[in-house]
Amino acid sequence: MASQLRYLVFALLSLLLFVLVGYSRFEVPYATPFAKQGDSATSLQQVLQFIYNPSRFSITTPSFVHNGKTYTLPSIPRHTAPLGRDICILDVDTRSFDSEDQIFHGPDFDWPKLESYSGGIMNHYMYARAHGYDYKFYKANETDDRHPTWVKIAGLANTLKNYKYVVFLDADAIFNQMHVPIEWMLNYWSIDSTISLTMALDPPGQVNEDKRGRLYSNTGFIIAQNNPKTFEILKAWDECPTETRYKGCAEWNKVRFHEQSAYGSYIRYDYNNYLKELPCGEANGEWDLELCQGVFIQHMWWRTATVRSYFGDKTLQSLMGRMHAEVINEKDQIMETQD
Ligand SMILES: *[C@@H]1O[C@H](CO)[C@@H](O)[C@H](O)[C@H]1NC(C)=O
């Protein structure tokens, strides 16, 4: 009897040892201690590239196809190597977005409850991390004399000092093609070294025209390139309402479209050679509009409340598309058919 019990205890201990040793050998990649995982910024970039960029789209991919339309790079693209942290993706806002259900609130993150603008900011941040750019949120002070949207000019100028390019987006504007890098867009839009500011046109319609009948450029998406002219233009724009140079500009302090109207009514006429206007179909508007579908940059004026869900759905589609491709790839091994 005693020997039988000893035998049983020995057997149980052996089994326990076997299980423990077996488990300790089982190491999924993300169970590896962080110290052994290599540079975590690099691995996050790899994860995001895995999710968003299965086709390995690059800075010099000759063309981009969307809804049957082909967007082709010039034969000699200016940028062939990543600019990395010479590019900054920028939000500028007077709101700090740190209340419950906002992006800079620490605890209790709950994606379905996140308010919409925070979803837009998340898009900008994730896009920057996916491509190795810097990301900054510039918290500006409100002023009594001007509408809050004016602060983007000072935010741009202050940030641009430290970068070759700053890409600014309103919180209701998002990168619509997470896999298409800024460098590709710089190539595609032929933004050469002389261009200071690039923006997309607004849709046709009298409400979007300046007093001379020219369509406004929309200030919800701005690519600023660091050169001396750019700082001169930003200064002229920011000082426009003082009316030392532009009589009548103070009209736009609080009246729509604020800094956009000031830019459209005054600034662009003095600096036309340094500015680029993009078609609204490529960098302004919403996916289901007839004229301005914002292929590369969505700007959700009508559907501001859907920024978060739209971006979330697109992200889930990318991830699930990746997984689905794996399932199809392994289908022959996965599938067992009953005889
Ligand atoms: C902006 O606001 C902060 C916090 O209230 C304050 O410390 C800072 O001096 C302000 N800056 C300017 C330029 O008004």
# chains A, B, ... in the order shown; residues from 1 in each chain; ligands from 1
call {"tool": "residues_near_ligand", "arguments": {"ligand": "ligand 1", "cutoff": "8 Å", "atoms": "only C-alpha atoms and all ligand atoms", "output": "PDB file with C-alpha atoms, in the first residue's frame"}}
result
ATOM      1  CA  ALA A 140      -2.772  76.768 -28.184  1.00  0.00           C
ATOM      2  CA  ASN A 141      -4.292  79.376 -25.889  1.00  0.00           C
ATOM      3  CA  GLU A 142      -7.622  80.849 -26.777  1.00  0.00           C
TER       4      GLU A 142
END
call {"tool": "select_by_dssp", "arguments": {"residues": "segment 3-230 of chain A", "states": "alpha helix (DSSP H)", "output": "MDAnalysis selection string"}}
result
chainID A and resid 3:25 40:52 116:131 151:160 182:188 228:230
call {"tool": "closest_atom_pairs", "arguments": {"of": "segment 112-221 of chain A", "to": "segment 46-63 of chain A", "cutoff": "7 Å", "atoms": "only C-alpha atoms", "output": "JSON lines"}}
result
{"residue": "A:Ala130", "atom": "CA", "partner": "A:Leu48", "partner_atom": "CA", "distance": 5.3}
{"residue": "A:Met178", "atom": "CA", "partner": "A:Tyr52", "partner_atom": "CA", "distance": 6.2}
{"residue": "A:His179", "atom": "CA", "partner": "A:Asn53", "partner_atom": "CA", "distance": 5.1}
{"residue": "A:Val180", "atom": "CA", "partner": "A:Phe57", "partner_atom": "CA", "distance": 6.6}
{"residue": "A:Pro181", "atom": "CA", "partner": "A:Ile59", "partner_atom": "CA", "distance": 6.2}
{"residue": "A:Glu183", "atom": "CA", "partner": "A:Ile59", "partner_atom": "CA", "distance": 5.6}
{"residue": "A:Trp184", "atom": "CA", "partner": "A:Ile59", "partner_atom": "CA", "distance": 4.5}
call {"tool": "residues_around", "arguments": {"residues": "Cys292 of chain A", "least_positions_apart": "6", "cutoff": "7 Å", "atoms": "only C-alpha atoms", "output": "PyMOL selection string"}}
result
chain A and resi 203+280-281+284-286
call {"tool": "residues_around", "arguments": {"residues": "Ile222 of chain A", "least_positions_apart": "2", "cutoff": "6 Å", "atoms": "only C-alpha atoms", "output": "mmCIF file with N, CA and C atoms, in the first residue's frame"}}
result
data_model
loop_
_atom_site.group_PDB
_atom_site.id
_atom_site.type_symbol
_atom_site.label_atom_id
_atom_site.label_comp_id
_atom_site.auth_asym_id
_atom_site.auth_seq_id
_atom_site.Cartn_x
_atom_site.Cartn_y
_atom_site.Cartn_z
ATOM 1 N N VAL A 167 2.755 68.539 -41.603
ATOM 2 C CA VAL A 167 1.454 68.253 -42.215
ATOM 3 C C VAL A 167 0.389 68.460 -41.149
ATOM 4 N N PHE A 168 -0.406 69.504 -41.342
ATOM 5 C CA PHE A 168 -1.442 69.861 -40.375
ATOM 6 C C PHE A 168 -2.799 69.344 -40.848
ATOM 7 N N THR A 198 0.740 73.940 -49.241
ATOM 8 C CA THR A 198 -0.134 73.194 -50.151
ATOM 9 C C THR A 198 -1.449 72.921 -49.438
ATOM 10 N N MET A 199 -2.555 73.218 -50.126
ATOM 11 C CA MET A 199 -3.896 72.949 -49.573
ATOM 12 C C MET A 199 -4.810 72.521 -50.708
#
call {"tool": "select_by_dssp", "arguments": {"residues": "segment 37-106 of chain A", "states": "strand (DSSP E or B)", "output": "number ranges by chain"}}
result
A: 63-66, 69-72, 87-93
call {"tool": "residues_around", "arguments": {"residues": "Leu156 of chain A", "least_positions_apart": "4", "cutoff": "10 Å", "atoms": "only C-alpha atoms", "output": "CSV table (one decimal) with N, CA and C atoms, in the first residue's frame"}}
result
chain,number,residue,atom,x,y,z
A,90,LEU,N,0.8,67.1,-37.5
A,90,LEU,CA,0.5,68.1,-36.5
A,90,LEU,C,-1.0,68.4,-36.3
A,91,ASP,N,-1.4,68.4,-35.0
A,91,ASP,CA,-2.7,68.9,-34.6
A,91,ASP,C,-2.5,70.2,-33.8
A,92,VAL,N,-3.3,71.2,-34.1
A,92,VAL,CA,-3.3,72.4,-33.3
A,92,VAL,C,-4.7,72.7,-32.8
A,138,TYR,N,-0.3,70.5,-30.7
A,138,TYR,CA,0.1,71.8,-30.2
A,138,TYR,C,-1.1,72.4,-29.5
A,151,VAL,N,-5.6,79.8,-34.5
A,151,VAL,CA,-4.4,79.4,-33.9
A,151,VAL,C,-3.5,78.4,-34.7
A,152,LYS,N,-4.1,77.8,-35.7
A,152,LYS,CA,-3.4,76.8,-36.5
A,152,LYS,C,-2.1,77.5,-37.2
A,160,LEU,N,7.1,74.2,-37.4
A,160,LEU,CA,7.9,74.1,-38.7
A,160,LEU,C,9.4,74.3,-38.5
A,161,LYS,N,9.7,75.2,-37.5
A,161,LYS,CA,11.1,75.5,-37.2
A,161,LYS,C,11.9,74.2,-37.0
A,166,VAL,N,5.8,70.0,-42.2
A,166,VAL,CA,4.8,69.8,-41.2
A,166,VAL,C,3.4,69.6,-42.0
A,167,VAL,N,2.8,68.5,-41.6
A,167,VAL,CA,1.5,68.3,-42.2
A,167,VAL,C,0.4,68.5,-41.1
A,168,PHE,N,-0.4,69.5,-41.3
A,168,PHE,CA,-1.4,69.9,-40.4
A,168,PHE,C,-2.8,69.3,-40.8
A,222,ILE,N,-3.0,71.1,-44.5
A,222,ILE,CA,-2.0,72.0,-45.0
A,222,ILE,C,-0.6,71.2,-44.9
A,223,ILE,N,0.1,71.2,-46.1
A,223,ILE,CA,1.4,70.7,-46.0
A,223,ILE,C,2.3,72.0,-46.1
A,224,ALA,N,3.1,72.2,-45.0
A,224,ALA,CA,4.0,73.3,-45.0
A,224,ALA,C,5.5,72.8,-45.1
A,231,PHE,N,7.9,81.0,-43.7
A,231,PHE,CA,7.8,81.7,-42.5
A,231,PHE,C,7.3,83.2,-42.7
A,234,LEU,N,3.5,82.7,-43.4
A,234,LEU,CA,2.7,82.5,-42.2
A,234,LEU,C,2.6,83.7,-41.3
call {"tool": "residues_around", "arguments": {"residues": "Asn123 of chain A", "least_positions_apart": "4", "cutoff": "8 Å", "atoms": "only C-alpha atoms", "output": "list in words"}}
result
Gly119, Tyr127, Ile174, Phe175 and Phe311 of chain A
call {"tool": "closest_residue", "arguments": {"among": "A:Val327, A:Leu201, A:Ile153, A:Ala171", "to": "Ile103 of chain A", "atoms": "only C-alpha atoms"}}
result
A:Ala171
call {"tool": "residues_around", "arguments": {"residues": "segment 105-111 of chain A", "least_positions_apart": "3", "cutoff": "12 Å", "atoms": "only C-alpha atoms", "output": "number ranges by chain"}}
result
A: 96-102, 114-116, 118-119, 122, 308-309, 311-313
call {"tool": "closest_residue", "arguments": {"among": "A:Gly220, A:Trp237, A:Trp189, A:Ile297", "to": "Tyr71 of chain A", "atoms": "only C-alpha atoms"}}
result
A:Trp189
call {"tool": "closest_residue", "arguments": {"among": "A:Ser75, A:Gln177, A:Gln225, A:Ser265", "to": "Glu251 of chain A", "atoms": "only C-alpha atoms"}}
result
A:Ser265
call {"tool": "closest_residue", "arguments": {"among": "A:Gly213, A:Thr194, A:Asp134, A:Tyr266", "to": "Lys247 of chain A", "atoms": "only C-alpha atoms"}}
result
A:Tyr266
call {"tool": "closest_residue", "arguments": {"among": "A:Leu215, A:Phe137, A:Ala173, A:Leu197", "to": "His299 of chain A", "atoms": "only C-alpha atoms"}}
result
A:Ala173
call {"tool": "closest_residue", "arguments": {"among": "A:Ile334, A:Ala200, A:Ala250, A:Ile191", "to": "Gln293 of chain A", "atoms": "only C-alpha atoms"}}
result
A:Ala200
